[in-house]
Structure formats: C-alpha cells, structure tokens
There are 6 protein chains.
Amino acid sequence: MTDDLYERGMATRRAVLGDAHVDASLAAATDFTGEIQEYVTRNCWGDVWNRPGLTRQERSLINLAMMASLNRGHEFKVHVRGAVNNGVTRDQIKEVLMQVGFYAGGPAALEAFRLAAEVLDAMETA
Amino acid sequence: MTDDLYERGMATRRAVLGDAHVDASLAAATDFTGEIQEYVTRNCWGDVWNRPGLTRQERSLINLAMMASLNRGHEFKVHVRGAVNNGVTRDQIKEVLMQVGFYAGGPAALEAFRLAAEVLDAMETA
Amino acid sequence: MTDDLYERGMATRRAVLGDAHVDASLAAATDFTGEIQEYVTRNCWGDVWNRPGLTRQERSLINLAMMASLNRGHEFKVHVRGAVNNGVTRDQIKEVLMQVGFYAGGPAALEAFRLAAEVLDAMETA
Amino acid sequence: MTDDLYERGMATRRAVLGDAHVDASLAAATDFTGEIQEYVTRNCWGDVWNRPGLTRQERSLINLAMMASLNRGHEFKVHVRGAVNNGVTRDQIKEVLMQVGFYAGGPAALEAFRLAAEVLDAMETA
Amino acid sequence: MTDDLYERGMATRRAVLGDAHVDASLAAATDFTGEIQEYVTRNCWGDVWNRPGLTRQERSLINLAMMASLNRGHEFKVHVRGAVNNGVTRDQIKEVLMQVGFYAGGPAALEAFRLAAEVLDAMETA
Amino acid sequence: MTDDLYERGMATRRAVLGDAHVDASLAAATDFTGEIQEYVTRNCWGDVWNRPGLTRQERSLINLAMMASLNRGHEFKVHVRGAVNNGVTRDQIKEVLMQVGFYAGGPAALEAFRLAAEVLDAMETA
C-alpha cells in the first residue's frame, strides 16, 4: 500500500539513511518482512520524523541515546550513520555517549562507543 | 569531600533542578545516602553536564528519552522539571515522547506522558 | 484527525478495554496527551489489533507476557482487563505468568501475579 | 539426577526443539554447564511446558514475544525453530512480531524479523 | 504438593525473609497465586539458595545488584530485608548500590538507595 | 588528565583485567574513545573498585550478575576474566549464573554460561 504517508516516509528515510541503505533494505524485503518495513516507513519515517518541534539533528541525538540504552546495537549503528547524514558531528555523538555512560551505565557507553567508532571509520574510508 | 568538581556540580545541579529540590535532597541525606549524592553531584552534574558539545536543552531532551525508555519514572519526573528549567518547551517534551513511542514502544510513551503531565501541571499551578 | 483507521481503532479499543476505560481516557486527553492517544488508537488498535492471523485472545496472551517482562505495570493491568474482555480465562492468565516466571525471572512473575490479582478482584466485585 | 520430571522434560524438549538440537546441547555439556542444562530441562521443559491451560502453539507465540522484547537473540532463534515444530505458521510468527513492533518498539521488531528470517530460511533449505 | 524440596525451601525462605513475611504471603495465597508461590519456594529457596559454593551473604549481595539493575523495586525491598537477616551490613548494601551506580547507571542507584533506606529505617524502628 | 584518581584506577584496572587487556585498550584509544576510557578508569576503577566494604571477589560476583542480567555480553566476558584474576573460582561463577537463571530468567543464564565457558576455555588453553 503506497500513499502520501508512505511516500513522505520513504523520502525522509532516504534522506536520513541514504539511498544505498534503503535500496538494500527494499531489495531484501520478502513477503515475511515487507509489512514491517512498510509499517516503519509509514509510522516512523513518514509520521514521527516529519512532526514539527524537533530538528532532525535533535531526533538523531535522542535516538542514539535510546538505542544505546536499550541495547539495540544493529539499529544503533543505522542511526549513527543517519546522525552523520543529518549533520550531527563526531563530537556531538561522543557527548551523547558520555551522557549515556552516567545515566545508563558504563557498559552501555563502552559498547556504544565501540559500535559508533566502527560506523564512523567505515564512513570515512568509504 | 568538597572541591572544584563538587562545587561546579552543585551549581549546575541547582541551576537545572532548582534550589528547592536540591535543598530537600541535601537535607534528606544520611550517612547511608550521602555518598551517592556526592557521586552524582560530582560525576554527573560537575562533569557530564559541564562538558562542551551539547546544550543543556539537548542534554535534557536526551535524558527524557533515556529515562522514559529505561522505565525510571522517578528520575524521569525530576528531569521533566529540569528540562523546563533549561528552557525546553512543552511541545518539545511532547515530541521526545512521541519518538519514544515508536522506538521504545507505546507503553513506554503512555507512561511517560502520564508522568510528564503530572509534573507540568504541578509546575503551572505552583 | 479522524478517518477510517481511527474509527476502526476506536471501535476495537472500546471492544477490548471497555467503554468506561476509553471514555475516561478521552475525557482526560489534553493538547499535550491527545496526539499520543490518537497515535495509539490508529496504529495499535486500528492497525495491529485488526490484522489477520492471530485471534484477540492470542494477542492478549502475548501482550500480558510482554508487559510483564518489560516491567510496564500500568499497561499490564490495562491488558489484564482487556484479556478478560477478550475471553481469556483466569487460568490462562495464570499460565502465561507461570511461563513469564521461567523466561523473564521469578520477580517479573511475582509482580505480575500481584497486579493481575488486583485487576481480577476488582472486576469480580464490580 | 534423572527422575520423572527430568524424563518428561527431556521428552518435551526433544519434541519442541528436535533431536538434533538437543543431542548437540547434551554433547556439549560440561561440568560447568551441565547443571543449568538440567535445571532448564526439569523446570522449563518438564514443568512449565507440561502444565495445562495453554497449547504448545500458544506457549511458542508467548515465548517469541518475550525473547524479542527482552533482546535475547540466541534463545529467540531457538524458539522460532520450536514454534515451527509446534505447528506455528510463518504468518503467525509475522503477526507476533508486528505486535512486538508496537508494544516493545520498532527496533525490537526489526531485529526479531531479521533473526526469524534466518531461521525460517535455514529450515526451508534443510 | 509438599515434598523434601518444598520443605527445605520453606525453611530457607523463613530463615532469610522472616516468619512474619512468609506467613503473610502464605495467608494471601489463592488458587490464582498459590502455584507461583510453590514454584518460587521449591526452585528458588529450595534449590538455588541451598546450592553450595556461595554463602547466603554473597547470594544477598548478588540479588540486591540484580533487582536494582532490573528495576524490580518490590522484590528489591524484600531482598534488602533478607540481606540484613543474612548478616549483610548497612555498609555492604551501600557498597553494592554504589557499584550499581556505575554499571547500571545513576538513576538505578538513586532509586535503590531510596528503597533500601525505607526498609532499613522500618527495620530499625520496628 | 592524569592525577591520583587516574593512577590508582589504572593500577586497579591492570590488576583486575591484566596488562595485556589494558594495553590493548590504551593502544586502541582515539580522540573519539579516549575520554570514556579515562572516565571509566577514574570513576569505576579508581573510585568504585577502591572503596572499602566489599572484597574484589565480591565485586566480581556482583558484576557478573549485573552484566548477565542487563544483557551486556561484551562486558560480561571482560568481567569473567577479571573475576578469575580476582580469585573467583569456576564453581563460584557457576553459582552466580545459576542464581541469575532464577532471578533474571533462563535465557539470561544460558547466554551467560555460553559466554563464560568461552572465556574460561580460552584462559585455560592460553
């Protein structure tokens, strides 16, 4: 089902995560995974990310903190890439994770720094 | 043990949470709870909150998202008050929690909205 | 914004949680909380709960297990009530929570039994 | 220590997870891991899984939701295999995970879909 | 079902939590909650707590850290009382919670200190 | 910034985790990860681990339980190594994880046993 919400979501998703990432996700979608992809595109990228009141940079900062705290390493890495695409600096990412260290504990921060460094290094050498 | 880090932490803690809240915490401290209070004042308020790279508003947004996601209701309410003191608007708090709804799940957002509304109402009628 | 998805969600939400609960939620909605209520009504009750493939009883069993595991006591109680309205028996609720005890740990189960008993007792004496 | 509870547990564990999986676990058991294996066989497979009130399919649905919500990827994959052995369909697994998406958040669902797809693909090509 | 494991569990449970607490739990048991009570008495108090290799004090220290980290306030308070009955000192409880502060985050520690202080004060004035 | 707290922390960190592990961490530190390393060395190893009231063995037992419960596999493995260096026996580690099994759930224990066995085997063959 494609409609305005889906189209808007797909545009935002591409702007934040990059065409390469989104094209790979779409190509990998099956009848098993296609509906969650659509659900995410519509309700997350189409709705939440297009709401007023916070900038994309602010939404990225918030997501990095949540994904690190909730121990969701795969999505954390996706959102490190998205944060950079949204203009968040390396130093801002570092600051979010230092704050994670106090509020969610040292191990959450150490894991997040390790994953973030992987993504940042990969983006620099790309 | 009071030193520069503690003094700076106490000043930041008072600026964010308000004198009334901090005075109550200090008055309630015992030999059992005094050291964690000092640890928090030094390492959280003295160190993390005084690091460069993020504004206080940004640090508040991040904390609201983490406390809501990690199900830490008491500290969430403390940081709603702190966010308002830092200049975060009611609409920005709403946007953080809408984003929590997608990324940490609906129940996390519903609980956080309920707690945030309590604090905001109490601050308005104070 | 009301539309088909919202209307269908409201009908399902009323069928599962009861008019009294939903009317109270709607009456309490403000400009701060109204949008998350609408988000939940549309995406949870309108979309997820109306998808084919699982019965309402099965969706209730799943929700009880998730809310108990994730330590979301308030929503757990809401869904105990919903489960009963969906035809889930007291014994089925007990079985879900016995299973929670092994997979999410004893304390998660003890807390959930305590909350479930409160709701079941209140429903019986109502 | 083998007794009725252990024997019944081993039979259920084999019926749900398959002989190949259980034989591999038993062969890998050491003096360090043997006791937790026995504890799980007795209390989980012997006791919980043989309680009346829920079908094996229902217990599988519940476990998938809990393992996905609690971020326990390894056990989640074990229980995807078990669910299929219990007669749970691919579409029912999809529905559980769509529901996880709303209640435990999008990242929990995306991770679970990825892991479930791996298991389902491996079972089909086996 | 009472047998050796149950009897041993009940004796340990009474030794750690006190007769008053256990008598109240038994008196409150219903057909809904009786089986989880029995499950806990047998598998936790009868089995785990009677295993060799760790002292009761060490098991109390570990439980306080786990309950504080997992945000299980009700059981945390039960185990503060149990820890004191097992000979754990006020200072040892403080040290566990200081360590929680670093590894599970400041909010987890602050919440645990608040709950522990309630229990310790109630035990002193009893 | 090196000072007494940092120096004491580095000495404790080396004593618990071993020179090889710490030298590798220091060699890998960048301008992105250097500050969290310093934060951990000072506040965790310099402060918490040097506080009186608990032995290093007790602090290791507590950490194993917390890391297993919070699903922090990487740090869990680091602390299995640290526990052995602190004189914690294989049987004591087993007992902590059996207790995790009841209080945090079977899957948490199974994962922790798997990771602990990897570390213990690697240390024995080293």
# chains A, B, ... in the order shown; residues from 1 in each chain; ligands from 1
>>> interface_residues(of="chain E", to="chain D", cutoff="12 Å", atoms="only C-alpha atoms", output="list in words")
Glu35, Ile36, Tyr39, Val40, Arg42, Asn43, Cys44, Asp47, Val48, Arg51 and Leu70 of chain E
>>> residues_around(residues="segment 8-17 of chain D", least_positions_apart="5", cutoff="8 Å", atoms="only C-alpha atoms", output="list of chain:residue names")
D:Val22, D:Thr41, D:Arg42, D:Asn43, D:Cys44, D:Trp45, D:Gly46, D:Asp47, D:Trp49, D:Asn50, D:Val78, D:His79, D:Arg81, D:Gly82, D:Ala83, D:Asn85, D:Asn86
>>> residues_around(residues="Gly106 of chain B", least_positions_apart="5", cutoff="8 Å", atoms="only C-alpha atoms", output="PyMOL selection string")
(chain B and resi 100-101) or (chain C and resi 40) or (chain D and resi 102-105)
>>> residues_around(residues="segment 88-93 of chain F", least_positions_apart="3", cutoff="7 Å", atoms="only C-alpha atoms", output="VMD selection string")
(chain E and resid 53 to 54) or (chain F and resid 57 83 to 84 96 to 97)
>>> write_last_selection(atoms="all heavy atoms", output="PDB file, in the first residue's frame")
ATOM      1  N   GLY E  53      28.723 -23.361  47.358  1.00  0.00           N
ATOM      2  CA  GLY E  53      29.592 -22.537  46.525  1.00  0.00           C
ATOM      3  C   GLY E  53      29.523 -21.054  46.794  1.00  0.00           C
ATOM      4  O   GLY E  53      30.470 -20.325  46.518  1.00  0.00           O
ATOM      5  N   LEU E  54      28.369 -20.577  47.271  1.00  0.00           N
ATOM      6  CA  LEU E  54      28.261 -19.178  47.670  1.00  0.00           C
ATOM      7  C   LEU E  54      27.597 -19.131  49.040  1.00  0.00           C
ATOM      8  O   LEU E  54      26.710 -19.950  49.332  1.00  0.00           O
ATOM      9  CB  LEU E  54      27.399 -18.376  46.678  1.00  0.00           C
ATOM     10  CG  LEU E  54      27.929 -18.143  45.263  1.00  0.00           C
ATOM     11  CD1 LEU E  54      26.895 -17.394  44.438  1.00  0.00           C
ATOM     12  CD2 LEU E  54      29.250 -17.355  45.281  1.00  0.00           C
TER      13      LEU E  54
ATOM     14  N   GLN F  57      36.670  -9.968  45.157  1.00  0.00           N
ATOM     15  CA  GLN F  57      35.894 -11.150  44.749  1.00  0.00           C
ATOM     16  C   GLN F  57      34.394 -10.835  44.782  1.00  0.00           C
ATOM     17  O   GLN F  57      33.665 -11.186  43.856  1.00  0.00           O
ATOM     18  CB  GLN F  57      36.169 -12.352  45.669  1.00  0.00           C
ATOM     19  CG  GLN F  57      37.509 -13.029  45.439  1.00  0.00           C
ATOM     20  CD  GLN F  57      38.553 -12.487  46.381  1.00  0.00           C
ATOM     21  OE1 GLN F  57      38.494 -11.321  46.785  1.00  0.00           O
ATOM     22  NE2 GLN F  57      39.519 -13.329  46.720  1.00  0.00           N
ATOM     23  N   ALA F  83      37.126 -11.686  37.081  1.00  0.00           N
ATOM     24  CA  ALA F  83      36.751 -12.480  38.257  1.00  0.00           C
ATOM     25  C   ALA F  83      37.804 -13.551  38.536  1.00  0.00           C
ATOM     26  O   ALA F  83      38.216 -13.752  39.688  1.00  0.00           O
ATOM     27  CB  ALA F  83      35.373 -13.109  38.038  1.00  0.00           C
ATOM     28  N   VAL F  84      38.212 -14.242  37.491  1.00  0.00           N
ATOM     29  CA  VAL F  84      39.235 -15.276  37.673  1.00  0.00           C
ATOM     30  C   VAL F  84      40.523 -14.651  38.216  1.00  0.00           C
ATOM     31  O   VAL F  84      41.142 -15.173  39.155  1.00  0.00           O
ATOM     32  CB  VAL F  84      39.499 -16.016  36.344  1.00  0.00           C
ATOM     33  CG1 VAL F  84      40.680 -16.976  36.482  1.00  0.00           C
ATOM     34  CG2 VAL F  84      38.240 -16.761  35.900  1.00  0.00           C
ATOM     35  N   VAL F  96      26.826 -18.098  40.600  1.00  0.00           N
ATOM     36  CA  VAL F  96      26.222 -16.793  40.267  1.00  0.00           C
ATOM     37  C   VAL F  96      25.241 -16.964  39.111  1.00  0.00           C
ATOM     38  O   VAL F  96      24.116 -16.455  39.143  1.00  0.00           O
ATOM     39  CB  VAL F  96      27.310 -15.764  39.887  1.00  0.00           C
ATOM     40  CG1 VAL F  96      26.663 -14.495  39.328  1.00  0.00           C
ATOM     41  CG2 VAL F  96      28.181 -15.429  41.087  1.00  0.00           C
ATOM     42  N   LEU F  97      25.654 -17.721  38.109  1.00  0.00           N
ATOM     43  CA  LEU F  97      24.818 -17.839  36.909  1.00  0.00           C
ATOM     44  C   LEU F  97      23.596 -18.725  37.145  1.00  0.00           C
ATOM     45  O   LEU F  97      22.542 -18.504  36.534  1.00  0.00           O
ATOM     46  CB  LEU F  97      25.661 -18.334  35.737  1.00  0.00           C
ATOM     47  CG  LEU F  97      26.854 -17.432  35.389  1.00  0.00           C
ATOM     48  CD1 LEU F  97      27.509 -17.914  34.101  1.00  0.00           C
ATOM     49  CD2 LEU F  97      26.449 -15.973  35.279  1.00  0.00           C
TER      50      LEU F  97
END
>>> residues_around(residues="Ala65 of chain F", least_positions_apart="2", cutoff="10 Å", atoms="only C-alpha atoms", output="list in words")
Leu61, Ile62, Asn63, Ala65, Met66 and Ser69 of chain E; Ser60, Leu61, Ile62, Asn63, Met67, Ala68, Ser69, Leu70, Phe76, Ile93, Val96, Leu97, Met98, Gln99, Val100, Gly101, Tyr103, Ala104, Ala108, Ala109 and Ala112 of chain F
>>> write_last_selection(atoms="N, CA, C and O atoms", output="tab-separated table (two decimals), in the first residue's frame")
chain	number	residue	atom	x	y	z
E	61	LEU	N	24.01	-10.21	48.30
E	61	LEU	CA	24.67	-9.10	47.59
E	61	LEU	C	24.32	-9.15	46.10
E	61	LEU	O	24.01	-8.14	45.46
E	62	ILE	N	24.39	-10.35	45.55
E	62	ILE	CA	24.11	-10.54	44.13
E	62	ILE	C	22.66	-10.18	43.81
E	62	ILE	O	22.37	-9.52	42.80
E	63	ASN	N	21.74	-10.59	44.65
E	63	ASN	CA	20.33	-10.29	44.40
E	63	ASN	C	20.03	-8.81	44.47
E	63	ASN	O	19.24	-8.29	43.67
E	65	ALA	N	21.99	-6.41	43.71
E	65	ALA	CA	22.51	-5.81	42.48
E	65	ALA	C	21.59	-6.12	41.29
E	65	ALA	O	21.31	-5.25	40.46
E	66	MET	N	21.11	-7.36	41.21
E	66	MET	CA	20.24	-7.72	40.09
E	66	MET	C	18.89	-7.02	40.17
E	66	MET	O	18.38	-6.51	39.18
E	69	SER	N	19.26	-3.40	39.27
E	69	SER	CA	19.56	-3.21	37.84
E	69	SER	C	18.33	-3.47	36.98
E	69	SER	O	18.11	-2.79	35.98
F	60	SER	N	33.41	-8.74	41.93
F	60	SER	CA	33.34	-9.52	40.69
F	60	SER	C	32.04	-10.32	40.61
F	60	SER	O	31.40	-10.36	39.56
F	61	LEU	N	31.65	-10.95	41.70
F	61	LEU	CA	30.40	-11.72	41.71
F	61	LEU	C	29.22	-10.83	41.33
F	61	LEU	O	28.36	-11.20	40.53
F	62	ILE	N	29.19	-9.65	41.92
F	62	ILE	CA	28.11	-8.70	41.67
F	62	ILE	C	28.09	-8.27	40.21
F	62	ILE	O	27.04	-8.19	39.58
F	63	ASN	N	29.26	-7.99	39.67
F	63	ASN	CA	29.32	-7.55	38.27
F	63	ASN	C	28.88	-8.63	37.30
F	63	ASN	O	28.20	-8.35	36.31
F	67	MET	N	25.94	-7.84	34.69
F	67	MET	CA	26.19	-7.86	33.25
F	67	MET	C	25.35	-8.95	32.57
F	67	MET	O	24.85	-8.76	31.46
F	68	ALA	N	25.18	-10.09	33.23
F	68	ALA	CA	24.35	-11.14	32.67
F	68	ALA	C	22.88	-10.70	32.63
F	68	ALA	O	22.18	-10.93	31.64
F	69	SER	N	22.42	-10.06	33.68
F	69	SER	CA	21.01	-9.63	33.74
F	69	SER	C	20.72	-8.53	32.74
F	69	SER	O	19.65	-8.50	32.15
F	70	LEU	N	21.67	-7.61	32.57
F	70	LEU	CA	21.46	-6.47	31.69
F	70	LEU	C	21.81	-6.78	30.24
F	70	LEU	O	21.74	-5.91	29.38
F	76	PHE	N	30.40	-8.54	30.07
F	76	PHE	CA	30.31	-9.76	30.88
F	76	PHE	C	31.58	-10.59	30.70
F	76	PHE	O	32.17	-11.06	31.68
F	93	ILE	N	31.54	-18.87	39.83
F	93	ILE	CA	30.92	-18.29	38.63
F	93	ILE	C	29.67	-19.09	38.26
F	93	ILE	O	28.62	-18.52	37.96
F	96	VAL	N	26.83	-18.10	40.60
F	96	VAL	CA	26.22	-16.79	40.27
F	96	VAL	C	25.24	-16.96	39.11
F	96	VAL	O	24.12	-16.45	39.14
F	97	LEU	N	25.65	-17.72	38.11
F	97	LEU	CA	24.82	-17.84	36.91
F	97	LEU	C	23.60	-18.72	37.15
F	97	LEU	O	22.54	-18.50	36.53
F	98	MET	N	23.71	-19.70	38.04
F	98	MET	CA	22.51	-20.47	38.41
F	98	MET	C	21.48	-19.54	39.07
F	98	MET	O	20.28	-19.65	38.85
F	99	GLN	N	22.00	-18.62	39.89
F	99	GLN	CA	21.11	-17.67	40.56
F	99	GLN	C	20.50	-16.68	39.55
F	99	GLN	O	19.32	-16.32	39.65
F	100	VAL	N	21.30	-16.25	38.60
F	100	VAL	CA	20.78	-15.42	37.50
F	100	VAL	C	19.62	-16.14	36.81
F	100	VAL	O	18.62	-15.53	36.45
F	101	GLY	N	19.77	-17.44	36.66
F	101	GLY	CA	18.73	-18.22	35.98
F	101	GLY	C	17.37	-18.08	36.61
F	101	GLY	O	16.36	-17.95	35.92
F	103	TYR	N	16.45	-15.54	38.90
F	103	TYR	CA	16.01	-14.16	39.12
F	103	TYR	C	15.88	-13.35	37.83
F	103	TYR	O	15.05	-12.46	37.75
F	104	ALA	N	16.72	-13.59	36.85
F	104	ALA	CA	16.63	-12.85	35.58
F	104	ALA	C	16.10	-13.71	34.44
F	104	ALA	O	15.90	-13.21	33.34
F	108	ALA	N	18.71	-15.58	30.10
F	108	ALA	CA	19.85	-14.78	30.57
F	108	ALA	C	20.96	-15.69	31.07
F	108	ALA	O	22.15	-15.45	30.82
F	109	ALA	N	20.59	-16.76	31.78
F	109	ALA	CA	21.60	-17.68	32.31
F	109	ALA	C	22.25	-18.49	31.21
F	109	ALA	O	23.46	-18.68	31.19
F	112	ALA	N	24.74	-16.41	29.43
F	112	ALA	CA	25.91	-16.12	30.26
F	112	ALA	C	26.80	-17.36	30.41
F	112	ALA	O	28.03	-17.24	30.39
>>> select_by_dssp(residues="chain C", states="alpha helix (DSSP H)", output="PyMOL selection string")
chain C and resi 4-17+19-28+34-39+56-69+73-85+90-103+106-125
>>> residues_around(residues="Thr30 of chain C", least_positions_apart="5", cutoff="12 Å", atoms="only C-alpha atoms", output="list in words")
Lys94, Phe113, Arg114, Ala117 and Asp121 of chain B; Ser25, Glu35, Ile36, Gln37 and Glu38 of chain C
>>> atom_distance(atom1="atom CA of Thr55 of chain B", atom2="atom CA of Arg72 of chain B")
22.9 Å
>>> atom_distance(atom1="atom CA of His21 of chain C", atom2="atom CA of Ala126 of chain C")
13.7 Å
